[in-house]
Every structure is written in C-alpha cells, then in structure tokens.
Amino acid sequence: MELIIFLAVAIAGAWAAWILISNIEKAKTYKQLPVTTRVKKKHSPRRSNTSDDDDYQKWLTKAVEHKKNKDLDQAIECLDKAYIICAGYELDTVFEHYLRLPMYLQAAGRGDEGWGKLNQLNIGVCPYRGDGPTGSERDIRKARSVYECMRKFLDKEKRYKDSIVHRVVASYLWGAIVAQMVADGWMSKESEKDNFSIEMLTIEFNKAAKKAKLEEPLGTKLAEYITASVKEGSNDLYALSRVPEVMATARTLIEEN
C-alpha cells in the first residue's frame, strides 16, 4: 500500500513539474512574439480624418476632373464610389462632401433628383448610411450647410424668391451658432459684430431682393426679424425647432412686399 501511495505521489509530482515547464516555455515564446501577434485583434473603429487612408479623396478628385471636362455622368459615378468609402468614416469628417452630389445632378440636367437629395440630407439621410436619419439633422452646423446649399441650388434655377427664404433660414442658423459661441466664451462680443449683424444682413438681403425684383425695404424687414429671433434663444435644438416658423415668416414678408 505504501509503495502504491509513493508511486502516486511521484507521478503527480512529475505531472505538475511537466505542466510548469511547459507553461514557462510558452511564456518565453509569447514574449518573443511581436505585439501585433500577441494581442488579440479587436474590431476596427470607424475611421476618422486623421487616418492615412484617404482613398475616398482620389474619387472626389476624379469627380472634379470629370466635371471640369463636362463629363457629368462619370463625375457622378466617381462621387458614388467616394460615398461608399465615406460611409466608413465619421460623419463629421465627410458630411460636406455629400453636398456635392445635388449640385452635380443639377448641372447634369437632373434638377428634380438633385433637389430630392438635398431634402434627404435635410432630414439626416446620407448615402450608404442606412435608410433612416443619421442624426445630422440635429446638428445646427450641418443643417445650416444644407440650407446654404439649397439657396445656391435655387439661385441657379432662377427661383429667386424661394432662394431668399432659404437664405433667411441659413442666416438665422448662422446667427444662432455665433450667439451660442459668444455665450459659451468661444467668441468675443467684438468678433460677433464681424460675423453677424443687422447691417450685414440688410445688405445681403437687399441684394437678394433686388435680384428677385422685390423692393429693397424687404431686406431691412428680414434682417430685423432674424436678429430679433436670434436674441430670443440660440440653443441648437431650439433654433432648429424654429426653422419652419422662420421659413413661414420669410415667405409672408416676401408676399407682402
């Protein structure tokens, strides 16, 4: 019996020693491996504009070249390829690129389609990012960019009255952005006057009114309305919620002119 116990203990000891030696050898091998081999690969995060991988940029560049050569079909196709890649990047870094397509479609004689794309962007639907809103519709800066693009689009369509309405909205959102930057300490009161003032708006709106063959006092009325509206509140979501009201008021003032 004692012999059996002795053999069992010896076998158990030898087995434990073998496991220990084996683990030591594995640890040595593990330490010799490069970090990229040792660390378990994690899911790649969404790329940002700091990435060296600017592969979408080459398609944007080709799109510009084709547009200059008046080959708009090829230009639009290159934009589509760029947008497929852009979907892998943070929306903040590529959103402005989406504003190119509506203008390219307009230049190609596909204005209705281009306007439809602008309206999709306006509700937050972006190419290759799903059918639903991306959240960009709640970003006041992105919203302002869309309305500014709409204004340019309507100008090219010679729909000058409609263009003024969208100019007013873009100006209102810009005023809210500037006011909030001042409130948050990112901009001084002196700089605010250089970026948003009733004088600047009056000049801008009067030029637009003249193009639309409307009376110049319209510009003054619109400028006064916008500056007063911005003073009522500049919080991003509050300003965005007032866009329908601002559009309706602008249309009323234009019709009364």
# chains A, B, ... in the order shown; residues from 1 in each chain; ligands from 1

call {"tool": "residues_around", "arguments": {"residues": "Cys149 (chain A)", "least_positions_apart": "4", "cutoff": "12 Å", "atoms": "only C-alpha atoms", "output": "list in words"}}
result
Glu96, His97, Tyr98, Leu99, Arg100, Leu101, Pro102, Met103, Gln106, Gly114, Trp115, Lys117, Leu118, Asn119, Leu121, Asn122, Lys142, Ala143, Arg144, Ser145, Phe153, Leu154, Asp155, Lys156, Ser163, His166, Arg167, Val169 and Ala170 of chain A

call {"tool": "select_by_dssp", "arguments": {"residues": "region 55-110 of chain A", "states": "helix (DSSP H, G or I)", "output": "MDAnalysis selection string"}}
result
chainID A and resid 55:68 72:86 91:107

call {"tool": "write_last_selection", "arguments": {"atoms": "C-alpha atoms", "output": "mmCIF file, in the first residue's frame"}}
result
data_model
loop_
_atom_site.group_PDB
_atom_site.id
_atom_site.type_symbol
_atom_site.label_atom_id
_atom_site.label_comp_id
_atom_site.auth_asym_id
_atom_site.auth_seq_id
_atom_site.Cartn_x
_atom_site.Cartn_y
_atom_site.Cartn_z
ATOM 1 C CA ASP A 55 -8.817 56.541 -50.558
ATOM 2 C CA TYR A 56 -12.155 58.354 -50.942
ATOM 3 C CA GLN A 57 -10.289 61.557 -51.778
ATOM 4 C CA LYS A 58 -8.974 60.175 -55.062
ATOM 5 C CA TRP A 59 -12.556 59.572 -56.237
ATOM 6 C CA LEU A 60 -13.550 63.091 -55.230
ATOM 7 C CA THR A 61 -10.595 64.443 -57.190
ATOM 8 C CA LYS A 62 -11.576 62.389 -60.228
ATOM 9 C CA ALA A 63 -15.146 63.676 -59.910
ATOM 10 C CA VAL A 64 -13.894 67.265 -60.050
ATOM 11 C CA GLU A 65 -11.767 66.482 -63.102
ATOM 12 C CA HIS A 66 -14.701 64.889 -64.934
ATOM 13 C CA LYS A 67 -16.937 67.834 -64.033
ATOM 14 C CA LYS A 68 -14.382 70.268 -65.457
ATOM 15 C CA LEU A 72 -21.014 64.742 -65.565
ATOM 16 C CA ASP A 73 -22.107 61.107 -65.744
ATOM 17 C CA GLN A 74 -18.578 59.988 -64.917
ATOM 18 C CA ALA A 75 -18.306 62.688 -62.259
ATOM 19 C CA ILE A 76 -21.466 61.453 -60.552
ATOM 20 C CA GLU A 77 -20.238 57.857 -60.748
ATOM 21 C CA CYS A 78 -16.970 58.863 -59.065
ATOM 22 C CA LEU A 79 -18.909 60.616 -56.299
ATOM 23 C CA ASP A 80 -20.899 57.443 -55.734
ATOM 24 C CA LYS A 81 -17.680 55.430 -55.339
ATOM 25 C CA ALA A 82 -16.345 58.045 -52.939
ATOM 26 C CA TYR A 83 -19.538 57.903 -50.877
ATOM 27 C CA ILE A 84 -19.306 54.132 -50.500
ATOM 28 C CA ILE A 85 -15.911 54.624 -48.862
ATOM 29 C CA CYS A 86 -17.015 57.708 -46.909
ATOM 30 C CA LEU A 91 -19.915 61.622 -40.410
ATOM 31 C CA ASP A 92 -18.431 64.897 -39.152
ATOM 32 C CA THR A 93 -15.357 64.411 -41.329
ATOM 33 C CA VAL A 94 -17.160 63.745 -44.629
ATOM 34 C CA PHE A 95 -20.605 65.389 -44.443
ATOM 35 C CA GLU A 96 -19.653 68.384 -46.603
ATOM 36 C CA HIS A 97 -18.750 66.004 -49.451
ATOM 37 C CA TYR A 98 -22.384 64.856 -49.645
ATOM 38 C CA LEU A 99 -23.415 68.367 -50.684
ATOM 39 C CA ARG A 100 -21.603 67.954 -53.994
ATOM 40 C CA LEU A 101 -23.971 65.393 -55.482
ATOM 41 C CA PRO A 102 -27.108 67.612 -55.644
ATOM 42 C CA MET A 103 -25.160 70.308 -57.486
ATOM 43 C CA TYR A 104 -23.652 67.780 -59.900
ATOM 44 C CA LEU A 105 -27.090 66.343 -60.608
ATOM 45 C CA GLN A 106 -28.422 69.837 -61.265
ATOM 46 C CA ALA A 107 -25.567 70.539 -63.671
#

call {"tool": "residues_around", "arguments": {"residues": "Met181 (chain A)", "least_positions_apart": "3", "cutoff": "12 Å", "atoms": "only C-alpha atoms", "output": "number ranges by chain"}}
result
A: 174-178, 184-189, 191-192, 195-196, 234-236

call {"tool": "closest_residue", "arguments": {"among": "A:Glu204, A:Asp194, A:Asp71, A:Asp112", "to": "Val168 (chain A)", "atoms": "only C-alpha atoms"}}
result
A:Glu204

call {"tool": "residues_around", "arguments": {"residues": "Leu214 (chain A)", "least_positions_apart": "3", "cutoff": "12 Å", "atoms": "only C-alpha atoms", "output": "PDB file with N, CA and C atoms, in the first residue's frame"}}
result
ATOM      1  N   TYR A 160     -35.626  82.882 -57.445  1.00  0.00           N
ATOM      2  CA  TYR A 160     -35.002  83.817 -56.521  1.00  0.00           C
ATOM      3  C   TYR A 160     -35.802  84.053 -55.241  1.00  0.00           C
ATOM      4  N   LYS A 161     -37.118  84.028 -55.328  1.00  0.00           N
ATOM      5  CA  LYS A 161     -37.921  84.214 -54.114  1.00  0.00           C
ATOM      6  C   LYS A 161     -37.732  83.040 -53.154  1.00  0.00           C
ATOM      7  N   ILE A 164     -34.426  83.300 -51.461  1.00  0.00           N
ATOM      8  CA  ILE A 164     -34.380  84.221 -50.320  1.00  0.00           C
ATOM      9  C   ILE A 164     -34.842  83.528 -49.046  1.00  0.00           C
ATOM     10  N   PHE A 205     -29.566  90.759 -47.750  1.00  0.00           N
ATOM     11  CA  PHE A 205     -30.956  90.526 -48.144  1.00  0.00           C
ATOM     12  C   PHE A 205     -31.430  91.514 -49.205  1.00  0.00           C
ATOM     13  N   ASN A 206     -30.952  92.748 -49.157  1.00  0.00           N
ATOM     14  CA  ASN A 206     -31.347  93.723 -50.176  1.00  0.00           C
ATOM     15  C   ASN A 206     -30.806  93.338 -51.554  1.00  0.00           C
ATOM     16  N   LYS A 207     -29.588  92.793 -51.582  1.00  0.00           N
ATOM     17  CA  LYS A 207     -29.027  92.313 -52.859  1.00  0.00           C
ATOM     18  C   LYS A 207     -29.881  91.175 -53.407  1.00  0.00           C
ATOM     19  N   ALA A 208     -30.273  90.263 -52.540  1.00  0.00           N
ATOM     20  CA  ALA A 208     -31.108  89.129 -52.962  1.00  0.00           C
ATOM     21  C   ALA A 208     -32.475  89.610 -53.407  1.00  0.00           C
ATOM     22  N   ALA A 209     -33.022  90.593 -52.707  1.00  0.00           N
ATOM     23  CA  ALA A 209     -34.330  91.138 -53.073  1.00  0.00           C
ATOM     24  C   ALA A 209     -34.283  91.803 -54.439  1.00  0.00           C
ATOM     25  N   LYS A 210     -33.213  92.517 -54.694  1.00  0.00           N
ATOM     26  CA  LYS A 210     -33.051  93.181 -55.994  1.00  0.00           C
ATOM     27  C   LYS A 210     -33.011  92.158 -57.124  1.00  0.00           C
ATOM     28  N   LYS A 211     -32.305  91.069 -56.894  1.00  0.00           N
ATOM     29  CA  LYS A 211     -32.228  90.007 -57.902  1.00  0.00           C
ATOM     30  C   LYS A 211     -33.603  89.402 -58.168  1.00  0.00           C
ATOM     31  N   PRO A 217     -36.819  97.608 -49.133  1.00  0.00           N
ATOM     32  CA  PRO A 217     -37.197  97.555 -47.709  1.00  0.00           C
ATOM     33  C   PRO A 217     -37.391  96.138 -47.183  1.00  0.00           C
ATOM     34  N   LEU A 218     -37.610  95.184 -48.095  1.00  0.00           N
ATOM     35  CA  LEU A 218     -37.770  93.793 -47.680  1.00  0.00           C
ATOM     36  C   LEU A 218     -36.524  93.319 -46.938  1.00  0.00           C
ATOM     37  N   GLY A 219     -35.360  93.706 -47.438  1.00  0.00           N
ATOM     38  CA  GLY A 219     -34.116  93.292 -46.806  1.00  0.00           C
ATOM     39  C   GLY A 219     -34.009  93.758 -45.373  1.00  0.00           C
ATOM     40  N   LEU A 253     -43.417  87.738 -45.477  1.00  0.00           N
ATOM     41  CA  LEU A 253     -42.829  89.055 -45.722  1.00  0.00           C
ATOM     42  C   LEU A 253     -42.552  89.284 -47.206  1.00  0.00           C
ATOM     43  N   ILE A 254     -42.156  88.206 -47.890  1.00  0.00           N
ATOM     44  CA  ILE A 254     -41.920  88.309 -49.345  1.00  0.00           C
ATOM     45  C   ILE A 254     -43.223  88.567 -50.089  1.00  0.00           C
ATOM     46  N   GLU A 255     -44.278  87.853 -49.709  1.00  0.00           N
ATOM     47  CA  GLU A 255     -45.571  88.018 -50.368  1.00  0.00           C
ATOM     48  C   GLU A 255     -46.169  89.395 -50.096  1.00  0.00           C
ATOM     49  N   GLU A 256     -45.894  89.942 -48.929  1.00  0.00           N
ATOM     50  CA  GLU A 256     -46.421  91.272 -48.585  1.00  0.00           C
ATOM     51  C   GLU A 256     -45.663  92.391 -49.284  1.00  0.00           C
ATOM     52  N   ASN A 257     -44.489  92.077 -49.789  1.00  0.00           N
ATOM     53  CA  ASN A 257     -43.661  93.104 -50.414  1.00  0.00           C
ATOM     54  C   ASN A 257     -44.295  93.646 -51.697  1.00  0.00           C
TER      55      ASN A 257
END

call {"tool": "atom_distance", "arguments": {"atom1": "CA of Leu173 (chain A)", "atom2": "CA of Leu237 (chain A)"}}
result
10.5 Å
